[in-house]
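First up is the structure itself, then whatever we jot down about it.
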Amino acid sequence: MTKRRLASLSLAATLALTALPAAPALADGAASTRNIIIGGAAAALLIINHNKKVHEKYAEKDRRQAQTQAEANNAEAAYASERQAYLHEAALVSSYRHEVAIQHQEVLRLRHQLAMTRGHAPASHVAANTRPAFHPLVAAARSTGSAPAPTRVANVSYGWGAL
């Protein structure tokens, strides 16, 4: 049985007992004052218990709201961390691509040089190989001209962010 039901039953029993015909009341001022004080104390206890329960509900609601906000902040921080890691990886991949492009240019230059030296071989060797070695990459190197393209140097910073 809940406390509320118990309190209402006890109040109903008290009212039923007081409604019985009783002897005529004596005009006793002390008893009247005592009953008023006891009734006031009982009402104060009921109000205090009610306020205690209301404040517990508010505190629970605030606690849940703070926990939800903390979870949202943690998720946001995790997202920012993952995004930063992705950006660092993307910069690293870009650096690797640039390095591979430079190495590819060097290979093309060396192949072009090799093709040029084969082109200046003695006549007997040229007669055996009617054409110098042809490869699409070598042809691309020839189309760029004799001077090698300037090498672009990557400038990537892996710092810890703005301080």
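If you're wondering about the labels, chains in the structure tokens are A, B, ... by order shown, residues count from 1 in each chain, ligands from 1 in order shown.
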*Leaving out segment 3-5 of chain A and any residue of its chain fewer than 5 positions from it, which residues lie within 12 Å of it when counting only C-alpha atoms, given as a PyMOL selection string?*
chain A and resi 10-12+46+49-50
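With atom CA of Arg34 of chain A on one side and atom CA of Thr14 of chain A on the other, the separation reads 16.6 Å.
Rounded to one decimal, atom CA of Ala44 of chain A and atom CA of Ser8 of chain A lie 16.1 Å from each other.
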